[in-house]
Amino acid sequence: MTARIINGTELARSLRAQAAERAARLVERHGVKPGLAVLLVGADPASQVYVRNKVKACEEAGFHSVMETLPPDLSEADLLARIDALNHDPAIHGILVQLPLPGHLSSHTVIEAIAPEKDVDGFHVANAGQLMTGKPQFIPCTPYGVMKMLESVEVPLRGAEAVVVGASNIVGKPMAMLLLQAGATVTLCNSKTRDLAAHTRRADVLVVATGRPGMITGDMVKPGAVVIDVGINRGADGKLCGDVDYASAQAVAGAITPVPGGVGPMTIAMLLINTLEAAERSQAA
Ligand code: GUN
């Protein structure tokens with residue numbers, strides 16, 4: 001069997017076009033452009049690329065965007081003051097602080113400083129709680145994008161066995177919540193899970209977000225499963241690769257996401273959607 005490829009680039013393009021249309025309507029009706037502020041502390045090269053791509057996507061969709069690159073030794077008080085100013089800036093509807101932060105800054109304290117109604121990453125405990133109780137205001141962009149990809153290939157989730165590998169606050173935990181709410185039976189694996197393959201081999205839907213290149217191989221995949229690879233790693237050959245060994249997994253899976261061109265573009269598309277919704281809500285309020 002050769003797996004169907006779930007093309008994230010194409011799906012993201014259509015979602016971004018929809019976001020651009022909705023943004024144009026907001027400008028027409030209320031004279032308001034959705035506004036996103038992206039803060040990057042330090043000069044991590046991978047983060048710089050991600051942040052630039054986010055800002056570029058905003059501009060292409062007709063959003064207002066502000067990108068601020070802040071010095072790596074910025075004090076927590078100065079970062080919190082900057083966030084406070086953005087919380088009160090009416091031209092800004094979404095605030096994103098790129099993670100990871102330098103070690104002297106507490107990501108928890110920083111995220112909690114963002115006004116929940118501008119937390120387009122959905123990382124604030126208020127938004128995490130809303131998601132957990134089934135009333136999400138902002139769904140974290142990467143798991144939100146994964147759900148859209150599963151929807152696009154009409155994967156039945158009710159009663160399905162879903163296995164998520166990686167239990168981060170950014171991807172794994174919200175992913176598990178979304179799959180649970182869609183009616184799947186969810187197993188959330190972490191770095192201490194014993195006999196990982198015994199879990200992954202039972203998965204009708206397998207979502208992998210570990211940051212460990214190629215850790216899921218074809219022999220760990222159930223024949224016909226839908227495999228979603230969230231990883232973006234730089235391989236020894238300098239090329240981008242996922243957490244799934246694509247060559248062996250695609251021979252077993254029913255559908256699979258590639259890296260690049262899979263989940264990555266979807267994360268950005270969902271950030272636009274969340275920012276747009278924040279802007280729309282600010283007008284409805
Ligand atoms: N670092 C890796 N992924 C993300 C994300 O979705 N949002 C933020 N703010 N930082 C990240």
# chains A, B, ... in the order shown; residues from 1 in each chain; ligands from 1

call {"tool": "residues_near_ligand", "arguments": {"ligand": "ligand 1", "cutoff": "7 Å", "atoms": "only C-alpha atoms and all ligand atoms", "output": "list in words"}}
result
Leu96, Val97, Gln98, Leu99, Pro100, Asp121, Pro140, Cys141, Thr142, Ile170 and Thr267 of chain A

call {"tool": "residues_around", "arguments": {"residues": "A:His30", "least_positions_apart": "5", "cutoff": "12 Å", "atoms": "only C-alpha atoms", "output": "VMD selection string"}}
result
chain A and resid 22 to 25 279 to 284

call {"tool": "select_by_dssp", "arguments": {"residues": "stretch 105-135 of chain A", "states": "alpha helix (DSSP H)", "output": "NGL selection string"}}
result
:A and (107-113 or 125-132)

call {"tool": "closest_residue", "arguments": {"among": "A:Ile216, A:Leu80, A:Ala43, A:Ala12", "to": "A:Gly166", "atoms": "only C-alpha atoms"}}
result
A:Ile216

call {"tool": "select_by_dssp", "arguments": {"residues": "stretch 67-124 of chain A", "states": "strand (DSSP E or B)", "output": "list of chain:residue names"}}
result
A:Met67, A:Glu68, A:Thr69, A:Leu70, A:Gly94, A:Ile95, A:Leu96, A:Val97

call {"tool": "residues_around", "arguments": {"residues": "A:Tyr246", "least_positions_apart": "3", "cutoff": "8 Å", "atoms": "only C-alpha atoms", "output": "PDB file with N, CA and C atoms, in the first residue's frame"}}
result
ATOM      1  N   GLY A 214      12.653  10.947  12.846  1.00  0.00           N
ATOM      2  CA  GLY A 214      12.533   9.556  12.396  1.00  0.00           C
ATOM      3  C   GLY A 214      12.230   8.546  13.473  1.00  0.00           C
ATOM      4  N   THR A 217       8.817   4.507  12.992  1.00  0.00           N
ATOM      5  CA  THR A 217       9.141   3.802  11.750  1.00  0.00           C
ATOM      6  C   THR A 217       7.930   2.977  11.298  1.00  0.00           C
ATOM      7  N   GLY A 242      10.752  14.981   9.401  1.00  0.00           N
ATOM      8  CA  GLY A 242       9.787  14.933  10.494  1.00  0.00           C
ATOM      9  C   GLY A 242      10.228  14.002  11.611  1.00  0.00           C
ATOM     10  N   ALA A 249       7.090   4.551   6.755  1.00  0.00           N
ATOM     11  CA  ALA A 249       5.704   4.727   7.234  1.00  0.00           C
ATOM     12  C   ALA A 249       4.716   4.846   6.075  1.00  0.00           C
ATOM     13  N   GLN A 250       5.120   5.523   5.000  1.00  0.00           N
ATOM     14  CA  GLN A 250       4.157   5.727   3.902  1.00  0.00           C
ATOM     15  C   GLN A 250       3.828   4.410   3.183  1.00  0.00           C
ATOM     16  N   PRO A 258       3.398  14.954   4.749  1.00  0.00           N
ATOM     17  CA  PRO A 258       4.833  15.063   4.462  1.00  0.00           C
ATOM     18  C   PRO A 258       5.498  16.148   5.317  1.00  0.00           C
TER      19      PRO A 258
END

call {"tool": "closest_residue", "arguments": {"among": "A:Ile92, A:Ala81, A:Leu105, A:Ala247", "to": "A:Ser65", "atoms": "only C-alpha atoms"}}
result
A:Ile92

call {"tool": "residues_around", "arguments": {"residues": "A:Met215", "least_positions_apart": "4", "cutoff": "8 Å", "atoms": "only C-alpha atoms", "output": "JSON, numbers by chain"}}
result
{"A": [243, 244, 245]}

call {"tool": "atom_distance", "arguments": {"atom1": "atom CA of A:Met147", "atom2": "atom CA of A:Met266"}}
result
9.9 Å

call {"tool": "closest_atom_pairs", "arguments": {"of": "stretch 121-168 of chain A", "to": "stretch 230-239 of chain A", "cutoff": "12 Å", "atoms": "only C-alpha atoms", "output": "Markdown table"}}
result
| residue | atom | partner | partner_atom | distance |
| --- | --- | --- | --- | --- |
| A:Cys141 | CA | A:Val230 | CA | 11.7 |
| A:Thr142 | CA | A:Val230 | CA | 8.0 |
| A:Pro143 | CA | A:Val230 | CA | 9.0 |
| A:Tyr144 | CA | A:Val230 | CA | 11.9 |
| A:Gly145 | CA | A:Val230 | CA | 10.2 |
| A:Val146 | CA | A:Val230 | CA | 8.5 |
| A:Met149 | CA | A:Val230 | CA | 11.8 |
| A:Val164 | CA | A:Val230 | CA | 10.5 |
| A:Val165 | CA | A:Val230 | CA | 10.0 |
| A:Gly166 | CA | A:Val230 | CA | 10.0 |
| A:Ser168 | CA | A:Val230 | CA | 11.9 |

call {"tool": "atom_distance", "arguments": {"atom1": "atom CA of A:Arg16", "atom2": "atom CA of A:Gly129"}}
result
27.4 Å

call {"tool": "atom_distance", "arguments": {"atom1": "atom CA of A:Leu74", "atom2": "atom CA of A:Leu271"}}
result
25.6 Å

call {"tool": "closest_residue", "arguments": {"among": "A:Leu15, A:His88, A:Glu59, A:Pro174", "to": "A:Gly134", "atoms": "only C-alpha atoms"}}
result
A:Pro174

call {"tool": "closest_residue", "arguments": {"among": "A:Pro102, A:Arg212, A:Lys33, A:Ala17", "to": "A:Ser47", "atoms": "only C-alpha atoms"}}
result
A:Pro102

call {"tool": "closest_residue", "arguments": {"among": "A:His108, A:His93, A:Arg82, A:Lys148", "to": "A:Ala269", "atoms": "only C-alpha atoms"}}
result
A:Lys148

call {"tool": "residues_around", "arguments": {"residues": "A:Gly224", "least_positions_apart": "3", "cutoff": "9 Å", "atoms": "only C-alpha atoms", "output": "list in words"}}
result
Met1, Ala3, Asp204, Val221, Val252, Ala253, Gly254 and Ala255 of chain A

call {"tool": "write_last_selection", "arguments": {"atoms": "C-alpha atoms", "output": "compact mmCIF listing (two decimals), in the first residue's frame"}}
result
# COMPACT_ATOMS: atom_id res chain seq x y z
CA MET A 1 0.00 0.00 0.00
CA ALA A 3 -0.35 6.16 1.57
CA ASP A 204 -6.17 4.39 13.62
CA VAL A 221 2.31 1.94 12.22
CA VAL A 252 2.11 1.04 5.60
CA ALA A 253 -0.13 4.03 6.35
CA GLY A 254 -3.43 4.83 4.63
CA ALA A 255 -2.70 8.56 4.67

call {"tool": "residues_around", "arguments": {"residues": "A:Arg13", "least_positions_apart": "3", "cutoff": "12 Å", "atoms": "only C-alpha atoms", "output": "PDB file with all heavy atoms, in the first residue's frame"}}
result
ATOM      1  N   ASN A   7      -1.895  17.027   1.785  1.00  0.00           N
ATOM      2  CA  ASN A   7      -1.099  18.193   1.371  1.00  0.00           C
ATOM      3  C   ASN A   7      -1.465  19.428   2.202  1.00  0.00           C
ATOM      4  O   ASN A   7      -2.480  20.073   1.969  1.00  0.00           O
ATOM      5  CB  ASN A   7      -1.357  18.434  -0.125  1.00  0.00           C
ATOM      6  CG  ASN A   7      -0.495  19.550  -0.677  1.00  0.00           C
ATOM      7  OD1 ASN A   7      -0.059  20.445   0.048  1.00  0.00           O
ATOM      8  ND2 ASN A   7      -0.249  19.485  -1.976  1.00  0.00           N
ATOM      9  N   GLY A   8      -0.603  19.744   3.171  1.00  0.00           N
ATOM     10  CA  GLY A   8      -0.868  20.880   4.054  1.00  0.00           C
ATOM     11  C   GLY A   8      -0.702  22.215   3.355  1.00  0.00           C
ATOM     12  O   GLY A   8      -1.393  23.186   3.681  1.00  0.00           O
ATOM     13  N   THR A   9       0.192  22.278   2.403  1.00  0.00           N
ATOM     14  CA  THR A   9       0.441  23.539   1.694  1.00  0.00           C
ATOM     15  C   THR A   9      -0.828  23.989   0.970  1.00  0.00           C
ATOM     16  O   THR A   9      -1.224  25.148   1.044  1.00  0.00           O
ATOM     17  CB  THR A   9       1.595  23.362   0.672  1.00  0.00           C
ATOM     18  OG1 THR A   9       2.719  22.835   1.387  1.00  0.00           O
ATOM     19  CG2 THR A   9       1.972  24.670   0.014  1.00  0.00           C
ATOM     20  N   GLU A  10      -1.457  23.029   0.289  1.00  0.00           N
ATOM     21  CA  GLU A  10      -2.660  23.342  -0.490  1.00  0.00           C
ATOM     22  C   GLU A  10      -3.830  23.736   0.422  1.00  0.00           C
ATOM     23  O   GLU A  10      -4.507  24.738   0.182  1.00  0.00           O
ATOM     24  CB  GLU A  10      -3.039  22.082  -1.266  1.00  0.00           C
ATOM     25  CG  GLU A  10      -3.636  22.341  -2.625  1.00  0.00           C
ATOM     26  CD  GLU A  10      -3.727  21.025  -3.362  1.00  0.00           C
ATOM     27  OE1 GLU A  10      -4.725  20.314  -3.146  1.00  0.00           O
ATOM     28  OE2 GLU A  10      -2.774  20.697  -4.106  1.00  0.00           O
ATOM     29  N   ARG A  16      -6.012  30.338   4.072  1.00  0.00           N
ATOM     30  CA  ARG A  16      -5.472  31.706   4.111  1.00  0.00           C
ATOM     31  C   ARG A  16      -6.263  32.616   3.183  1.00  0.00           C
ATOM     32  O   ARG A  16      -6.489  33.795   3.500  1.00  0.00           O
ATOM     33  CB  ARG A  16      -3.986  31.692   3.742  1.00  0.00           C
ATOM     34  CG  ARG A  16      -3.137  31.221   4.903  1.00  0.00           C
ATOM     35  CD  ARG A  16      -1.736  30.862   4.525  1.00  0.00           C
ATOM     36  NE  ARG A  16      -1.008  31.941   3.894  1.00  0.00           N
ATOM     37  CZ  ARG A  16       0.280  31.890   3.599  1.00  0.00           C
ATOM     38  NH1 ARG A  16       0.976  30.809   3.916  1.00  0.00           N
ATOM     39  NH2 ARG A  16       0.877  32.897   3.016  1.00  0.00           N
ATOM     40  N   ALA A  17      -6.712  32.072   2.062  1.00  0.00           N
ATOM     41  CA  ALA A  17      -7.534  32.873   1.142  1.00  0.00           C
ATOM     42  C   ALA A  17      -8.857  33.225   1.819  1.00  0.00           C
ATOM     43  O   ALA A  17      -9.339  34.361   1.719  1.00  0.00           O
ATOM     44  CB  ALA A  17      -7.764  32.107  -0.160  1.00  0.00           C
ATOM     45  N   GLN A  18      -9.438  32.254   2.547  1.00  0.00           N
ATOM     46  CA  GLN A  18     -10.680  32.540   3.289  1.00  0.00           C
ATOM     47  C   GLN A  18     -10.444  33.611   4.354  1.00  0.00           C
ATOM     48  O   GLN A  18     -11.273  34.501   4.553  1.00  0.00           O
ATOM     49  CB  GLN A  18     -11.188  31.279   3.993  1.00  0.00           C
ATOM     50  CG  GLN A  18     -11.820  30.258   3.068  1.00  0.00           C
ATOM     51  CD  GLN A  18     -12.101  28.943   3.820  1.00  0.00           C
ATOM     52  OE1 GLN A  18     -12.370  28.930   5.010  1.00  0.00           O
ATOM     53  NE2 GLN A  18     -12.018  27.835   3.105  1.00  0.00           N
ATOM     54  N   ALA A  19      -9.293  33.524   5.028  1.00  0.00           N
ATOM     55  CA  ALA A  19      -8.969  34.515   6.063  1.00  0.00           C
ATOM     56  C   ALA A  19      -8.840  35.902   5.437  1.00  0.00           C
ATOM     57  O   ALA A  19      -9.314  36.896   5.994  1.00  0.00           O
ATOM     58  CB  ALA A  19      -7.683  34.125   6.787  1.00  0.00           C
ATOM     59  N   ALA A  20      -8.230  35.961   4.257  1.00  0.00           N
ATOM     60  CA  ALA A  20      -8.054  37.251   3.565  1.00  0.00           C
ATOM     61  C   ALA A  20      -9.415  37.853   3.209  1.00  0.00           C
ATOM     62  O   ALA A  20      -9.634  39.055   3.371  1.00  0.00           O
ATOM     63  CB  ALA A  20      -7.195  37.056   2.316  1.00  0.00           C
ATOM     64  N   ALA A  57       2.775  35.860   6.183  1.00  0.00           N
ATOM     65  CA  ALA A  57       1.421  35.354   5.915  1.00  0.00           C
ATOM     66  C   ALA A  57       0.379  36.398   6.292  1.00  0.00           C
ATOM     67  O   ALA A  57      -0.632  36.560   5.597  1.00  0.00           O
ATOM     68  CB  ALA A  57       1.190  34.058   6.695  1.00  0.00           C
ATOM     69  N   GLU A  60       0.268  39.047   3.577  1.00  0.00           N
ATOM     70  CA  GLU A  60      -0.384  38.534   2.363  1.00  0.00           C
ATOM     71  C   GLU A  60      -1.904  38.476   2.504  1.00  0.00           C
ATOM     72  O   GLU A  60      -2.616  38.568   1.518  1.00  0.00           O
ATOM     73  CB  GLU A  60       0.162  37.144   2.021  1.00  0.00           C
ATOM     74  CG  GLU A  60       1.539  37.217   1.380  1.00  0.00           C
ATOM     75  CD  GLU A  60       2.181  35.851   1.203  1.00  0.00           C
ATOM     76  OE1 GLU A  60       1.482  34.820   1.393  1.00  0.00           O
ATOM     77  OE2 GLU A  60       3.376  35.820   0.895  1.00  0.00           O
ATOM     78  N   ALA A  61      -2.377  38.304   3.745  1.00  0.00           N
ATOM     79  CA  ALA A  61      -3.830  38.210   3.956  1.00  0.00           C
ATOM     80  C   ALA A  61      -4.442  39.582   4.249  1.00  0.00           C
ATOM     81  O   ALA A  61      -5.627  39.670   4.574  1.00  0.00           O
ATOM     82  CB  ALA A  61      -4.115  37.237   5.100  1.00  0.00           C
ATOM     83  N   GLY A 261       5.715  20.693   4.044  1.00  0.00           N
ATOM     84  CA  GLY A 261       4.485  20.723   3.242  1.00  0.00           C
ATOM     85  C   GLY A 261       3.309  20.025   3.890  1.00  0.00           C
ATOM     86  O   GLY A 261       2.305  19.755   3.239  1.00  0.00           O
ATOM     87  N   GLY A 262       3.449  19.701   5.195  1.00  0.00           N
ATOM     88  CA  GLY A 262       2.356  19.047   5.904  1.00  0.00           C
ATOM     89  C   GLY A 262       1.758  19.976   6.950  1.00  0.00           C
ATOM     90  O   GLY A 262       1.092  20.951   6.619  1.00  0.00           O
ATOM     91  N   PRO A 265       2.688  24.461   7.338  1.00  0.00           N
ATOM     92  CA  PRO A 265       1.887  25.548   6.756  1.00  0.00           C
ATOM     93  C   PRO A 265       0.520  25.711   7.418  1.00  0.00           C
ATOM     94  O   PRO A 265      -0.029  26.809   7.454  1.00  0.00           O
ATOM     95  CB  PRO A 265       1.711  25.128   5.288  1.00  0.00           C
ATOM     96  CG  PRO A 265       2.670  24.024   5.048  1.00  0.00           C
ATOM     97  CD  PRO A 265       3.064  23.443   6.354  1.00  0.00           C
ATOM     98  N   MET A 266      -0.024  24.605   7.947  1.00  0.00           N
ATOM     99  CA  MET A 266      -1.337  24.672   8.598  1.00  0.00           C
ATOM    100  C   MET A 266      -1.280  25.488   9.895  1.00  0.00           C
ATOM    101  O   MET A 266      -2.222  26.191  10.242  1.00  0.00           O
ATOM    102  CB  MET A 266      -1.852  23.264   8.908  1.00  0.00           C
ATOM    103  CG  MET A 266      -2.195  22.465   7.688  1.00  0.00           C
ATOM    104  SD  MET A 266      -3.507  23.232   6.728  1.00  0.00           S
ATOM    105  CE  MET A 266      -4.897  23.032   7.850  1.00  0.00           C
ATOM    106  N   THR A 267      -0.160  25.381  10.623  1.00  0.00           N
ATOM    107  CA  THR A 267      -0.007  26.148  11.870  1.00  0.00           C
ATOM    108  C   THR A 267      -0.158  27.637  11.581  1.00  0.00           C
ATOM    109  O   THR A 267      -0.852  28.364  12.310  1.00  0.00           O
ATOM    110  CB  THR A 267       1.382  25.859  12.494  1.00  0.00           C
ATOM    111  OG1 THR A 267       1.439  24.474  12.824  1.00  0.00           O
ATOM    112  CG2 THR A 267       1.622  26.680  13.740  1.00  0.00           C
ATOM    113  N   ILE A 268       0.466  28.082  10.509  1.00  0.00           N
ATOM    114  CA  ILE A 268       0.406  29.514  10.159  1.00  0.00           C
ATOM    115  C   ILE A 268      -1.005  29.897   9.731  1.00  0.00           C
ATOM    116  O   ILE A 268      -1.530  30.942  10.135  1.00  0.00           O
ATOM    117  CB  ILE A 268       1.446  29.832   9.063  1.00  0.00           C
ATOM    118  CG1 ILE A 268       2.844  29.590   9.628  1.00  0.00           C
ATOM    119  CG2 ILE A 268       1.282  31.260   8.556  1.00  0.00           C
ATOM    120  CD1 ILE A 268       3.978  29.907   8.696  1.00  0.00           C
ATOM    121  N   ALA A 269      -1.650  29.041   8.942  1.00  0.00           N
ATOM    122  CA  ALA A 269      -3.018  29.347   8.496  1.00  0.00           C
ATOM    123  C   ALA A 269      -3.950  29.487   9.704  1.00  0.00           C
ATOM    124  O   ALA A 269      -4.784  30.403   9.755  1.00  0.00           O
ATOM    125  CB  ALA A 269      -3.521  28.244   7.557  1.00  0.00           C
ATOM    126  N   MET A 270      -3.785  28.616  10.700  1.00  0.00           N
ATOM    127  CA  MET A 270      -4.688  28.675  11.858  1.00  0.00           C
ATOM    128  C   MET A 270      -4.392  29.889  12.728  1.00  0.00           C
ATOM    129  O   MET A 270      -5.285  30.422  13.389  1.00  0.00           O
ATOM    130  CB  MET A 270      -4.607  27.381  12.687  1.00  0.00           C
ATOM    131  CG  MET A 270      -4.946  26.106  11.932  1.00  0.00           C
ATOM    132  SD  MET A 270      -6.130  26.224  10.587  1.00  0.00           S
ATOM    133  CE  MET A 270      -7.638  26.522  11.474  1.00  0.00           C
ATOM    134  N   LEU A 272      -3.665  32.773  11.496  1.00  0.00           N
ATOM    135  CA  LEU A 272      -4.424  33.838  10.822  1.00  0.00           C
ATOM    136  C   LEU A 272      -5.902  33.746  11.211  1.00  0.00           C
ATOM    137  O   LEU A 272      -6.545  34.755  11.501  1.00  0.00           O
ATOM    138  CB  LEU A 272      -4.291  33.741   9.301  1.00  0.00           C
ATOM    139  CG  LEU A 272      -2.905  33.967   8.700  1.00  0.00           C
ATOM    140  CD1 LEU A 272      -3.006  34.109   7.194  1.00  0.00           C
ATOM    141  CD2 LEU A 272      -2.225  35.184   9.276  1.00  0.00           C
TER     142      LEU A 272
END

call {"tool": "closest_residue", "arguments": {"among": "A:Thr133, A:Ser152, A:Thr200, A:Thr210", "to": "A:Leu180", "atoms": "only C-alpha atoms"}}
result
A:Thr133

call {"tool": "residues_around", "arguments": {"residues": "stretch 83-86 of chain A", "least_positions_apart": "6", "cutoff": "12 Å", "atoms": "only C-alpha atoms", "output": "short mmCIF file (atom, residue, chain, number, x, y, z; two decimals) with C-alpha atoms, in the first residue's frame"}}
result
data_model
loop_
_atom_site.label_atom_id
_atom_site.label_comp_id
_atom_site.auth_asym_id
_atom_site.auth_seq_id
_atom_site.Cartn_x
_atom_site.Cartn_y
_atom_site.Cartn_z
CA GLY A 35 -3.67 43.05 13.87
CA LEU A 36 -1.06 40.56 15.11
CA ALA A 37 2.02 41.37 17.20
CA VAL A 38 4.79 38.76 17.15
CA LEU A 39 7.52 39.05 19.75
CA LEU A 40 10.80 37.18 19.39
CA VAL A 66 4.07 44.05 13.99
CA MET A 67 7.21 42.01 14.48
CA GLU A 68 9.48 42.90 17.36
CA GLU A 76 11.26 39.76 32.35
CA ALA A 77 9.89 43.08 33.64
CA ILE A 92 -3.56 44.70 17.99
CA HIS A 93 -6.00 41.79 18.30
CA GLY A 94 -3.50 38.96 18.68
CA ILE A 95 -0.23 38.70 20.60
CA LEU A 96 2.22 35.86 20.05
CA VAL A 97 5.44 35.43 22.00
CA THR A 109 4.70 34.09 33.62
CA VAL A 110 5.03 35.60 30.14
CA ILE A 111 2.06 33.70 28.66
CA GLU A 112 -0.12 34.54 31.65
CA ALA A 113 0.60 38.26 31.04
CA ILE A 114 -1.10 38.14 27.63
CA ALA A 115 -4.76 39.18 27.76
CA PRO A 116 -6.71 35.92 27.17
CA GLU A 117 -8.82 37.60 24.46
CA LYS A 118 -5.60 38.38 22.53
CA ASP A 119 -3.90 35.00 23.21
#
